[in-house]
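Q: Before anything else, here's the structure in question.
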Amino acid sequence: MRAIPVAARVCILGTALCAALCVHPALRPDTAWGVVSLLAALYAFCELPARCRYLGRSASGSAPVVAGSFFPVLLAAALLLPPAAAALVAVPGALLGRIDQRPRSARRIWRAAQLTIATWAAAWAQVVFGGPVALGGGGYGLTTPDFPYVLLPTGAAALAFCLVLSALDGCILVTAERLPLRTAWRGLLPRSLAPLGAHGLAGLMMAVLWRSPFGPLSALFVLLPMYISCWVFAQYHRERAAHQATIRALVQAVDIKDRYTRGHSERVGHASVLIAHELGMERERIEVLRFAGILHDVGKLGVPTRVLRKDGPLTPEERRVIELHPEYGHEMVRGIGFLGEARSAILHHHERLDGTGYPYGLAGQRIPEFARVVAVADAFDAMTSTRSYRRGRPVPTALAELERCAGTQFDPRMVRALARALDRHGWQTAVTSDEPAPPGPPPGPSPSASPAPSPARPAAAPPPVPAALPVSAAAGRGNVPPARTSGVGHVPHAARTARTGQSGRTGQSGRSERSGRGGGR
Amino acid sequence: MTSAAVGAPGAGRRPVSGTVVAVYGAAVLLTAAGLGSTLWHGLADPRIALAFGVLIAVGELARWGALPGEREPAPVAAAGALAYALLGENAGQPVGHGVLQTVTVVLTAGLAGAVPHVARGRGPALDHMVRRVLTVGFAAFCFQPLYDSAGLRERFGAGPGYAMLLLLLLALTALCDAVLAALVLRARTRHPFGPLLRDELRALLHIGSAVCATGAVIALGVAVAGLWALPVFCVPLLLTQLSFRRYAAVRTTYRQTIASLARATEIAGYTPQGHARRVAELSLAVGRELGLSGPELTVLEYAALMHDIGQLSLVDPVPDGATALLPVAEQRRIALLGGAVVRQTGVPAAVAVVVERQADPYREQPMSARIVRAVNAYDDLAGECATASGPLSALERLRLGTAHDYQPEVVESLARVLSRGRSGPWSDGVTHG
């Protein structure tokens with residue numbers, strides 16, 4: 001447990017004070033206590049399933065709904081009640097809701113204060129735009145909602161809510177996590193704008209039906225689609241995590257067979273992402289490239305374990321079998337739709353720029369971009385990681401080696417990008433496999449991505465570093481760049497595979513053999 | 001969800017059953033009556049009819065990008081149709097479209113919304129249209145006469161009771177829709193009715209209830225605020241649909257990844273080509289036949305796909321990957337190794353349990369493990385001698401093992417599935433051999 005920094009304490013205390021000031025005017029007998037308590041109870045009830053696991057969990061083991069997903073209730077309160085009373089509605093639910101991370105009480109207070117102020121601001125915004133009259137509160141003889149116009153105060157309320165939430169989120173990120181200002185606020189507002197727009201409309205529906213002759217009960221109907229959407233969103237995240245675990249299991253299955261290269265796949269994925277960032281790729285492509293790096297050697301599952309683990313020199317036949325692994329890998333992941341370009345990277349990551357690689361002997365720009373990235377990342381990690389027969393080389397030496405081979409084996413653009421990225425970020429020879437996918441939550445239909453006071457975004461926590469690299473390794477066969485002449489004496493495997501890498505003909509014959517076999521099946 | 005992904009073996013080229021004829025006949029009759037009456041009497045409240053028609057047609061467009069097997073590909077259209085059936089007032093003024101006009105408008109708008117899809121060569125599923133017409137007809141039949149008799153307005157006024165009544169009607173309608181869907185599905189696939197209905201009801205709890213609630217909200221909202229309520233009140237449902245799409249997409253990807261993991265043993269040469277897929281398909285069919293549903297089927301499918309994954313830990317492949325022919329101790333060891341791998345994937349723990357226990361005597365196994373064990377043994381044995389007598393002698397050998405290894409019910413169910421399916425794993429050998 002880390003101690004809460006002083007700045008964060010001050011920030012939380014100040015916000016809580018502001019929240020108390022917002023609520024204070026409502027603590028009078030003539031507040032509409034009936035409506036306030038109904039709405040507050042409703043909000044608290046909505047937050048409960050997230051707290052109590054048995055309520056939110058069905059028999060199929062579904063994930064509980066994320067806390068803080070029921071802004072329509074708060075926005076409806078902002079539209080129905082005067083600001084101070086509306087702010088009061090947020091308090092019990094926010095205090096009761098489930099908090100996952102420690103320190104719990106500080107987070108609880110923070111969330112209650114934050115939501116109180118946001119609701120108060122939303123209520124003020126709609127009052128400024130004449131919301132109470134437009135909603136049919138009786139002013140100017142209007143008893144039914146004045147429809148196109150009422151959207152304006154609603155929009156204002158949702159916007160104010162959103163602005164206050166993201167501003168306060170940014171504050172706590174800066175003070176508690178010591179993130180720089182710009183990173184803290186970047187993307188917070190745009191991410192939450194679209195979902196909160198929808199929540200604003202749902203709040204409006206609730207308010208309209210609440211005021212209508214059909215009464216508060218009918219307003220509950222509005223919450224059902226919202227609730228289900230939040231539930232599905234929670235399932236989505238659970239399933240996504242499960243999927244990533246499965247991808248990792250694919251990689252671990254390779255580790256079972258080939259103990260030489262544990263951790264290699266994850267590091268290649270990481271290095272590929274570093275290169276992609278330097279090249280300015282889009283976020284989605286980077287994510288796919290990460291999978292390409294992680295899965296590039298998955299075809300080794302198809303190589304007999306005996307050959308992979310063999311310690312002596314390989315016969316030409318065994319070498320040919322090992323060189324089939326890109327094709328095996330491609331065959332395996334063929335059915336995974338989302339991998340897209342990554343599949344070609346898995347197939348071609350042993351091609352060389354001069355056309356002497358395998359399996360197809362492609363040259364130059366005919367090698368897919370992803371494959372050229374993965375090839376560089378693969379070679380780099382093979383050189384810098386420690387294997388049983390040698391220590392890993394220092395990063396500068398490995399880079400120099402890559403630069404020497406740029407143009408013949410590697411794409412110089414990728415090598416330069418890797419060098420730049422390493423200058424900027426450095427390189428840890430061990431990257432754990434538990435690192436979550438991309439930083440930042442995906443743009444989701446639920447506000448759960450944006451609002452919750454999450455002072456501990458994973459961005460801040462450095463990945464734990466395993467104590468030592470597995471030293472049971474021998475050689476990353478097929479992973480090693482050529483021209484290892486300097487160290488032939490003590491790197492027998494590396495030199496051997498280096499030579500196989502250069503003999504493009506073997507790759508060709510391997511392919512024809514493979515296709516012949518494939519036809520027979 | 002699972003049901004749509006792996007179709008029943010041999011569904012399709014069978015004579016159309018009486019249930020389907022009856023359902024389609026009812027829909028055609030209702031449509032004909034609606035069209036005739038509307039053409040004869042003209043359209044009551046054309047503005048409202050047009051507004052709802054546009055909503056439904058636009059909602060149908062949301063079918064774009066629907067994944068196969070999605071429960072409700074056009075929820076906004078469905079909610080709009082239900083709301084039109086349950087509409088009593090517009091901004092305080094009573095409206096006068098009857099049951100037949102409701103059916104006509106819903107059908108016409110649905111067809112209009114389907115035009116772009118048909119133009120692209122993908123029409124709406126006919127079953128879906130028929131169900132929509134019948135369900136909306138049912139809702140309108142329950143509501144409109146009640147409302148028109150004026151007793152409703154006097155008794156419930158426009159108070160909370162009215163809202164409750166709408167909800168009740170919608171629940172009834174949803175139930176009716178689920179029964180209808182399960183009936184049609186049963187007639188097409190001949191799976192037992194109970195599990196099918198259970199699946200439909202479970203789906204009802206998800207997107208179905210959101211559609212119903214939105215239908216009620218739109219009907220009430222229009223009664224209070226007029227037609228402006230239509231676009232505004234649909235937005236939350238769109239959000240729900242979006243969430244469901246993403247969920248479905250990630251599930252599909254997940255399934256593909258698991259299938260790839262399962263294929264690893266084949267590519268590594270440990271098991272014959274297509275073994276995992278065949279075992280998964282047959283296990284699903286047997287599971288359905290034995291009355292499993294929903295999440296149980298998912299666990300069964302994943303376990304069947306990955307049942308051989310433990311062989312990856314072997315240094316040398318088992319001959320032909322046929323674990324059923326190995327000594328029991330060796331089978332158990334492989335099963336335990338497989339369970340260890342499966343636990344590392346993100347699948348539910350139940351899957352790992354099934355994989356671990358697949359080699360135990362059937363009395364100690366959970367249901368899914370019994371199915372996987374029997375089907376795996378069948379596929380191994382039938383593959384061992386892929387001649388004309390392969391499947392039959394394989395079944396015979398399973399029957400001999402029912403004292404200890406295989407549950408008799410599972411083996412009999414497997415035999416039924418095989419005799420019915422004709423597209424069982426080695427059916428080519430059966431029919432042509």
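Every chain in the structure tokens has a letter given in the order shown (A, B, ...), and although residue numbers restart at 1 in each chain, ligands are simply numbered from 1 in the order shown.
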For chain B, work out the contacting residues on chain A at 6 Å, counting only C-alpha atoms, and write them as a count of residues only.
A: 20
Q: Using DSSP on the backbone coordinates, identify all residues within segment 38-257 of chain B classified as strand (DSSP E or B); present the result as a list in words.
A: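 The strand (DSSP E or B) subset of segment 38-257 of chain B is Glu89, Asn90, Gln93 and Pro94 of chain B.
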Q: Show which residues sit within 10 Å of Ala85 of chain B, as a CSV table (one decimal) with C-alpha atoms, in the first residue's frame. Count only C-alpha atoms, and ignore same-chain residues fewer than 5 positions away.
A:
chain,number,residue,atom,x,y,z
B,79,ALA,CA,-38.9,-1.8,-30.3
B,80,GLY,CA,-40.5,0.6,-32.8
B,97,HIS,CA,-55.1,2.6,-35.8
B,98,GLY,CA,-56.4,-0.9,-35.2
B,99,VAL,CA,-54.7,-4.2,-35.2
B,100,LEU,CA,-54.7,-4.7,-38.9
B,101,GLN,CA,-53.2,-1.4,-39.7
B,102,THR,CA,-50.4,-2.0,-37.1
B,103,VAL,CA,-49.5,-5.2,-38.9
B,105,VAL,CA,-47.4,-0.6,-41.2
B,106,VAL,CA,-44.8,-2.9,-39.5
B,135,THR,CA,-45.5,-11.1,-32.4
B,136,VAL,CA,-46.6,-7.6,-33.3
B,137,GLY,CA,-50.0,-8.9,-34.3
B,138,PHE,CA,-50.3,-10.7,-30.9
B,139,ALA,CA,-49.4,-7.5,-28.9
B,140,ALA,CA,-51.8,-5.4,-30.9
B,141,PHE,CA,-54.6,-8.0,-30.5
B,142,CYS,CA,-54.1,-7.9,-26.8
B,143,PHE,CA,-53.9,-4.1,-26.4
B,144,GLN,CA,-55.9,-2.3,-29.1
B,215,GLY,CA,-41.0,-0.4,-26.7
B,219,ALA,CA,-45.3,4.2,-26.4
Q: Give me, as a PyMOL selection string, all polymer residues having an atom no more than 8 Å from segment 199-204 of chain A, counting only C-alpha atoms and skipping those fewer than 2 positions away in the same chain.
A: (chain A and resi 71-77+79+154-155+157-158+195-197+206-208+222-223) or (chain B and resi 232-233+235-236)
Q: Please, could you write that set of residues out with N, CA and C atoms as an mmCIF file, in the first residue's frame?
A:
data_model
loop_
_atom_site.group_PDB
_atom_site.id
_atom_site.type_symbol
_atom_site.label_atom_id
_atom_site.label_comp_id
_atom_site.auth_asym_id
_atom_site.auth_seq_id
_atom_site.Cartn_x
_atom_site.Cartn_y
_atom_site.Cartn_z
ATOM 1 N N PHE A 71 -25.279 6.950 -14.640
ATOM 2 C CA PHE A 71 -25.425 8.385 -14.713
ATOM 3 C C PHE A 71 -26.794 8.856 -15.147
ATOM 4 N N PRO A 72 -27.581 8.068 -15.922
ATOM 5 C CA PRO A 72 -28.907 8.581 -16.265
ATOM 6 C C PRO A 72 -29.699 8.995 -15.031
ATOM 7 N N VAL A 73 -29.560 8.242 -13.946
ATOM 8 C CA VAL A 73 -30.301 8.597 -12.730
ATOM 9 C C VAL A 73 -29.851 9.972 -12.249
ATOM 10 N N LEU A 74 -28.537 10.179 -12.225
ATOM 11 C CA LEU A 74 -28.028 11.459 -11.744
ATOM 12 C C LEU A 74 -28.467 12.594 -12.662
ATOM 13 N N LEU A 75 -28.433 12.342 -13.976
ATOM 14 C CA LEU A 75 -28.816 13.402 -14.902
ATOM 15 C C LEU A 75 -30.310 13.674 -14.816
ATOM 16 N N ALA A 76 -31.100 12.622 -14.590
ATOM 17 C CA ALA A 76 -32.527 12.840 -14.393
ATOM 18 C C ALA A 76 -32.752 13.688 -13.143
ATOM 19 N N ALA A 77 -31.989 13.399 -12.086
ATOM 20 C CA ALA A 77 -32.103 14.208 -10.871
ATOM 21 C C ALA A 77 -31.741 15.644 -11.165
ATOM 22 N N LEU A 79 -32.153 17.190 -13.852
ATOM 23 C CA LEU A 79 -33.218 17.841 -14.613
ATOM 24 C C LEU A 79 -34.458 18.066 -13.760
ATOM 25 N N THR A 154 -30.857 19.864 -21.709
ATOM 26 C CA THR A 154 -30.334 18.514 -21.440
ATOM 27 C C THR A 154 -28.881 18.393 -21.898
ATOM 28 N N GLY A 155 -28.646 18.881 -23.119
ATOM 29 C CA GLY A 155 -27.277 18.828 -23.638
ATOM 30 C C GLY A 155 -26.328 19.604 -22.751
ATOM 31 N N ALA A 157 -26.637 20.182 -19.594
ATOM 32 C CA ALA A 157 -26.416 19.455 -18.340
ATOM 33 C C ALA A 157 -25.406 18.334 -18.543
ATOM 34 N N ALA A 158 -25.586 17.568 -19.629
ATOM 35 C CA ALA A 158 -24.674 16.449 -19.868
ATOM 36 C C ALA A 158 -23.258 16.961 -20.072
ATOM 37 N N PRO A 195 -20.587 8.635 -24.814
ATOM 38 C CA PRO A 195 -21.463 7.888 -23.909
ATOM 39 C C PRO A 195 -22.314 8.797 -23.048
ATOM 40 N N LEU A 196 -21.734 9.907 -22.606
ATOM 41 C CA LEU A 196 -22.529 10.774 -21.730
ATOM 42 C C LEU A 196 -23.642 11.464 -22.498
ATOM 43 N N GLY A 197 -23.446 11.656 -23.809
ATOM 44 C CA GLY A 197 -24.544 12.194 -24.616
ATOM 45 C C GLY A 197 -25.747 11.267 -24.541
ATOM 46 N N MET A 206 -36.059 9.784 -18.531
ATOM 47 C CA MET A 206 -36.498 9.504 -17.158
ATOM 48 C C MET A 206 -37.230 10.686 -16.578
ATOM 49 N N ALA A 207 -36.662 11.872 -16.799
ATOM 50 C CA ALA A 207 -37.278 13.066 -16.217
ATOM 51 C C ALA A 207 -38.666 13.288 -16.799
ATOM 52 N N VAL A 208 -38.780 13.125 -18.134
ATOM 53 C CA VAL A 208 -40.073 13.349 -18.786
ATOM 54 C C VAL A 208 -41.120 12.382 -18.245
ATOM 55 N N VAL A 222 -36.756 3.056 -18.400
ATOM 56 C CA VAL A 222 -35.642 3.624 -19.151
ATOM 57 C C VAL A 222 -34.327 2.974 -18.715
ATOM 58 N N LEU A 223 -34.265 2.636 -17.447
ATOM 59 C CA LEU A 223 -32.990 2.147 -16.914
ATOM 60 C C LEU A 223 -32.646 0.750 -17.405
ATOM 61 N N VAL B 232 -35.498 10.431 -29.854
ATOM 62 C CA VAL B 232 -34.767 10.600 -28.602
ATOM 63 C C VAL B 232 -34.724 9.306 -27.811
ATOM 64 N N PHE B 233 -35.867 8.623 -27.764
ATOM 65 C CA PHE B 233 -35.970 7.489 -26.860
ATOM 66 C C PHE B 233 -35.332 6.221 -27.412
ATOM 67 N N VAL B 235 -32.189 6.171 -28.552
ATOM 68 C CA VAL B 235 -30.732 6.229 -28.427
ATOM 69 C C VAL B 235 -30.172 5.202 -27.431
ATOM 70 N N PRO B 236 -30.763 5.090 -26.232
ATOM 71 C CA PRO B 236 -30.188 4.103 -25.303
ATOM 72 C C PRO B 236 -30.188 2.691 -25.867
#
Q: Of the residues B:Leu180, B:Ala382, B:Val299, B:Arg399, which is the one nearest to Val355 of chain B, using only C-alpha atoms?
A: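 For Val355 of chain B, the nearest of the candidates is B:Val299.
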Q: With only C-alpha atoms as the basis for distance, which of B:Ala415, B:Val76, B:Val20, B:Ile56 is at the shortest distance from Thr189 of chain B?
A: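 Closest residue, counting only C-alpha atoms: B:Val20.
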Q: Which residues, written as a PyMOL selection string, have at least one atom at most 8 Å from segment 17-19 of chain A, with only C-alpha atoms counted and residues fewer than 6 positions away on the same chain left out?
A: chain A and resi 113-114+116-117
Q: Suppose we keep N, CA and C atoms; can you now write the selection as a short mmCIF file (atom, residue, chain, number, x, y, z; two decimals), in the first residue's frame?
A:
data_model
loop_
_atom_site.label_atom_id
_atom_site.label_comp_id
_atom_site.auth_asym_id
_atom_site.auth_seq_id
_atom_site.Cartn_x
_atom_site.Cartn_y
_atom_site.Cartn_z
N ALA A 113 -17.62 12.85 -3.67
CA ALA A 113 -17.45 14.29 -3.84
C ALA A 113 -17.51 14.66 -5.31
N GLN A 114 -16.82 13.88 -6.11
CA GLN A 114 -16.75 14.17 -7.54
C GLN A 114 -18.13 14.13 -8.18
N THR A 116 -21.02 14.36 -6.73
CA THR A 116 -21.89 15.40 -6.17
C THR A 116 -21.67 16.71 -6.91
N ILE A 117 -20.41 17.08 -7.05
CA ILE A 117 -20.12 18.36 -7.73
C ILE A 117 -20.58 18.31 -9.18
#
Q: Tell me, as a PyMOL selection string, which residues lie within 7 Å of segment 324-339 of chain B, counting only C-alpha atoms; anything in the same chain fewer than 5 positions away does not count.
A: chain B and resi 307-311+352-353+355-359+377+380
Q: If we count only C-alpha atoms, what is near Glu200 of chain B at a cut-off of 10 Å, once residues fewer than 3 positions away on the same chain are taken out, given as an NGL selection string?
A: :B and (1 or 71 or 174-175 or 177-182 or 194-197 or 203-205 or 208 or 294)
Q: Restricted to C-alpha atoms, what would the selected residues look like written as an mmCIF file, in the first residue's frame?
A:
data_model
loop_
_atom_site.group_PDB
_atom_site.id
_atom_site.type_symbol
_atom_site.label_atom_id
_atom_site.label_comp_id
_atom_site.auth_asym_id
_atom_site.auth_seq_id
_atom_site.Cartn_x
_atom_site.Cartn_y
_atom_site.Cartn_z
ATOM 1 C CA MET B 1 -25.339 -18.138 -29.018
ATOM 2 C CA ARG B 71 -30.478 -12.851 -31.552
ATOM 3 C CA ALA B 174 -41.964 -11.720 -25.393
ATOM 4 C CA LEU B 175 -42.927 -15.108 -23.991
ATOM 5 C CA ASP B 177 -42.175 -14.810 -29.271
ATOM 6 C CA ALA B 178 -39.775 -17.123 -27.435
ATOM 7 C CA VAL B 179 -42.143 -20.061 -27.709
ATOM 8 C CA LEU B 180 -42.649 -19.350 -31.393
ATOM 9 C CA ALA B 181 -38.915 -19.156 -32.035
ATOM 10 C CA ALA B 182 -38.248 -22.370 -30.143
ATOM 11 C CA GLY B 194 -36.993 -27.797 -23.570
ATOM 12 C CA PRO B 195 -33.378 -26.678 -23.966
ATOM 13 C CA LEU B 196 -34.264 -24.653 -27.059
ATOM 14 C CA LEU B 197 -36.945 -22.790 -25.128
ATOM 15 C CA ALA B 203 -31.753 -14.495 -24.705
ATOM 16 C CA LEU B 204 -34.976 -12.772 -23.712
ATOM 17 C CA LEU B 205 -33.329 -11.670 -20.489
ATOM 18 C CA GLY B 208 -35.113 -9.074 -25.483
ATOM 19 C CA GLY B 294 -26.469 -22.205 -23.147
#
Q: Based on DSSP run over this structure's backbone, return all residues of segment 258-304 of chain B in alpha helix (DSSP H), as an NGL selection string.
A: :B and (258-267 or 275-289 or 295-304)
Q: Can you write just those residues out, N, CA and C atoms, as a JSON list (two decimals), in the first residue's frame?
A:
[["chain", "number", "residue", "atom", "x", "y", "z"],
["B", 258, "ILE", "N", -9.51, -20.15, -29.86],
["B", 258, "ILE", "CA", -9.52, -21.45, -29.22],
["B", 258, "ILE", "C", -9.44, -22.56, -30.26],
["B", 259, "ALA", "N", -10.14, -22.34, -31.39],
["B", 259, "ALA", "CA", -10.07, -23.35, -32.45],
["B", 259, "ALA", "C", -8.63, -23.46, -32.97],
["B", 260, "SER", "N", -7.93, -22.32, -33.04],
["B", 260, "SER", "CA", -6.54, -22.35, -33.49],
["B", 260, "SER", "C", -5.68, -23.12, -32.51],
["B", 261, "LEU", "N", -5.90, -22.84, -31.25],
["B", 261, "LEU", "CA", -5.14, -23.55, -30.21],
["B", 261, "LEU", "C", -5.40, -25.05, -30.34],
["B", 262, "ALA", "N", -6.65, -25.38, -30.63],
["B", 262, "ALA", "CA", -7.00, -26.79, -30.77],
["B", 262, "ALA", "C", -6.31, -27.39, -31.99],
["B", 263, "ARG", "N", -6.20, -26.58, -33.06],
["B", 263, "ARG", "CA", -5.55, -27.10, -34.27],
["B", 263, "ARG", "C", -4.07, -27.31, -34.09],
["B", 264, "ALA", "N", -3.50, -26.71, -33.04],
["B", 264, "ALA", "CA", -2.06, -26.83, -32.84],
["B", 264, "ALA", "C", -1.63, -28.29, -32.79],
["B", 265, "THR", "N", -2.43, -29.12, -32.13],
["B", 265, "THR", "CA", -2.04, -30.53, -32.03],
["B", 265, "THR", "C", -2.07, -31.19, -33.39],
["B", 266, "GLU", "N", -2.99, -30.75, -34.25],
["B", 266, "GLU", "CA", -3.06, -31.35, -35.58],
["B", 266, "GLU", "C", -1.85, -30.96, -36.41],
["B", 267, "ILE", "N", -1.52, -29.68, -36.34],
["B", 267, "ILE", "CA", -0.39, -29.23, -37.14],
["B", 267, "ILE", "C", 0.90, -29.85, -36.61],
["B", 275, "HIS", "N", -9.65, -33.57, -36.30],
["B", 275, "HIS", "CA", -10.15, -34.36, -35.17],
["B", 275, "HIS", "C", -10.86, -33.48, -34.15],
["B", 276, "ALA", "N", -10.20, -32.40, -33.74],
["B", 276, "ALA", "CA", -10.77, -31.53, -32.70],
["B", 276, "ALA", "C", -12.10, -30.95, -33.15],
["B", 277, "ARG", "N", -12.15, -30.53, -34.42],
["B", 277, "ARG", "CA", -13.38, -29.91, -34.90],
["B", 277, "ARG", "C", -14.51, -30.94, -34.94],
["B", 278, "ARG", "N", -14.17, -32.14, -35.42],
["B", 278, "ARG", "CA", -15.21, -33.17, -35.49],
["B", 278, "ARG", "C", -15.72, -33.52, -34.11],
["B", 279, "VAL", "N", -14.79, -33.68, -33.16],
["B", 279, "VAL", "CA", -15.22, -34.04, -31.81],
["B", 279, "VAL", "C", -16.08, -32.93, -31.23],
["B", 280, "ALA", "N", -15.72, -31.68, -31.50],
["B", 280, "ALA", "CA", -16.51, -30.56, -30.97],
["B", 280, "ALA", "C", -17.92, -30.58, -31.56],
["B", 281, "GLU", "N", -18.01, -30.78, -32.87],
["B", 281, "GLU", "CA", -19.34, -30.73, -33.50],
["B", 281, "GLU", "C", -20.22, -31.88, -33.00],
["B", 282, "LEU", "N", -19.64, -33.06, -32.97],
["B", 282, "LEU", "CA", -20.42, -34.21, -32.51],
["B", 282, "LEU", "C", -20.80, -34.05, -31.04],
["B", 283, "SER", "N", -19.87, -33.55, -30.22],
["B", 283, "SER", "CA", -20.17, -33.39, -28.80],
["B", 283, "SER", "C", -21.31, -32.40, -28.62],
["B", 284, "LEU", "N", -21.29, -31.33, -29.41],
["B", 284, "LEU", "CA", -22.38, -30.36, -29.30],
["B", 284, "LEU", "C", -23.71, -31.00, -29.65],
["B", 285, "ALA", "N", -23.72, -31.77, -30.72],
["B", 285, "ALA", "CA", -24.97, -32.40, -31.13],
["B", 285, "ALA", "C", -25.46, -33.36, -30.04],
["B", 286, "VAL", "N", -24.53, -34.14, -29.49],
["B", 286, "VAL", "CA", -24.93, -35.07, -28.43],
["B", 286, "VAL", "C", -25.40, -34.30, -27.20],
["B", 287, "GLY", "N", -24.67, -33.22, -26.88],
["B", 287, "GLY", "CA", -25.04, -32.40, -25.72],
["B", 287, "GLY", "C", -26.44, -31.85, -25.86],
["B", 288, "ARG", "N", -26.75, -31.35, -27.04],
["B", 288, "ARG", "CA", -28.10, -30.83, -27.27],
["B", 288, "ARG", "C", -29.13, -31.92, -27.12],
["B", 289, "GLU", "N", -28.83, -33.04, -27.71],
["B", 289, "GLU", "CA", -29.75, -34.18, -27.66],
["B", 289, "GLU", "C", -30.00, -34.58, -26.21],
["B", 295, "PRO", "N", -24.69, -21.92, -21.52],
["B", 295, "PRO", "CA", -23.30, -21.95, -21.05],
["B", 295, "PRO", "C", -22.73, -23.36, -20.97],
["B", 296, "GLU", "N", -23.59, -24.34, -20.65],
["B", 296, "GLU", "CA", -23.09, -25.73, -20.60],
["B", 296, "GLU", "C", -22.58, -26.15, -21.96],
["B", 297, "LEU", "N", -23.29, -25.72, -23.01],
["B", 297, "LEU", "CA", -22.85, -26.09, -24.35],
["B", 297, "LEU", "C", -21.55, -25.40, -24.69],
["B", 298, "THR", "N", -21.40, -24.15, -24.24],
["B", 298, "THR", "CA", -20.15, -23.45, -24.51],
["B", 298, "THR", "C", -18.98, -24.17, -23.86],
["B", 299, "VAL", "N", -19.17, -24.56, -22.59],
["B", 299, "VAL", "CA", -18.11, -25.28, -21.89],
["B", 299, "VAL", "C", -17.79, -26.58, -22.63],
["B", 300, "LEU", "N", -18.85, -27.26, -23.05],
["B", 300, "LEU", "CA", -18.67, -28.53, -23.76],
["B", 300, "LEU", "C", -17.88, -28.31, -25.05],
["B", 301, "GLU", "N", -18.24, -27.25, -25.77],
["B", 301, "GLU", "CA", -17.57, -27.01, -27.05],
["B", 301, "GLU", "C", -16.09, -26.72, -26.84],
["B", 302, "TYR", "N", -15.79, -25.84, -25.91],
["B", 302, "TYR", "CA", -14.39, -25.48, -25.67],
["B", 302, "TYR", "C", -13.59, -26.69, -25.20],
["B", 303, "ALA", "N", -14.20, -27.45, -24.31],
["B", 303, "ALA", "CA", -13.49, -28.61, -23.79],
["B", 303, "ALA", "C", -13.24, -29.62, -24.90],
["B", 304, "ALA", "N", -14.24, -29.81, -25.77],
["B", 304, "ALA", "CA", -14.07, -30.78, -26.85],
["B", 304, "ALA", "C", -12.98, -30.30, -27.81]]
Q: Calculate how many Å separate atom CA of Leu159 of chain A from atom CA of Trp124 of chain A, rounding to one decimal.
A: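 Separation between atom CA of Leu159 of chain A and atom CA of Trp124 of chain A: 11.5 Å.
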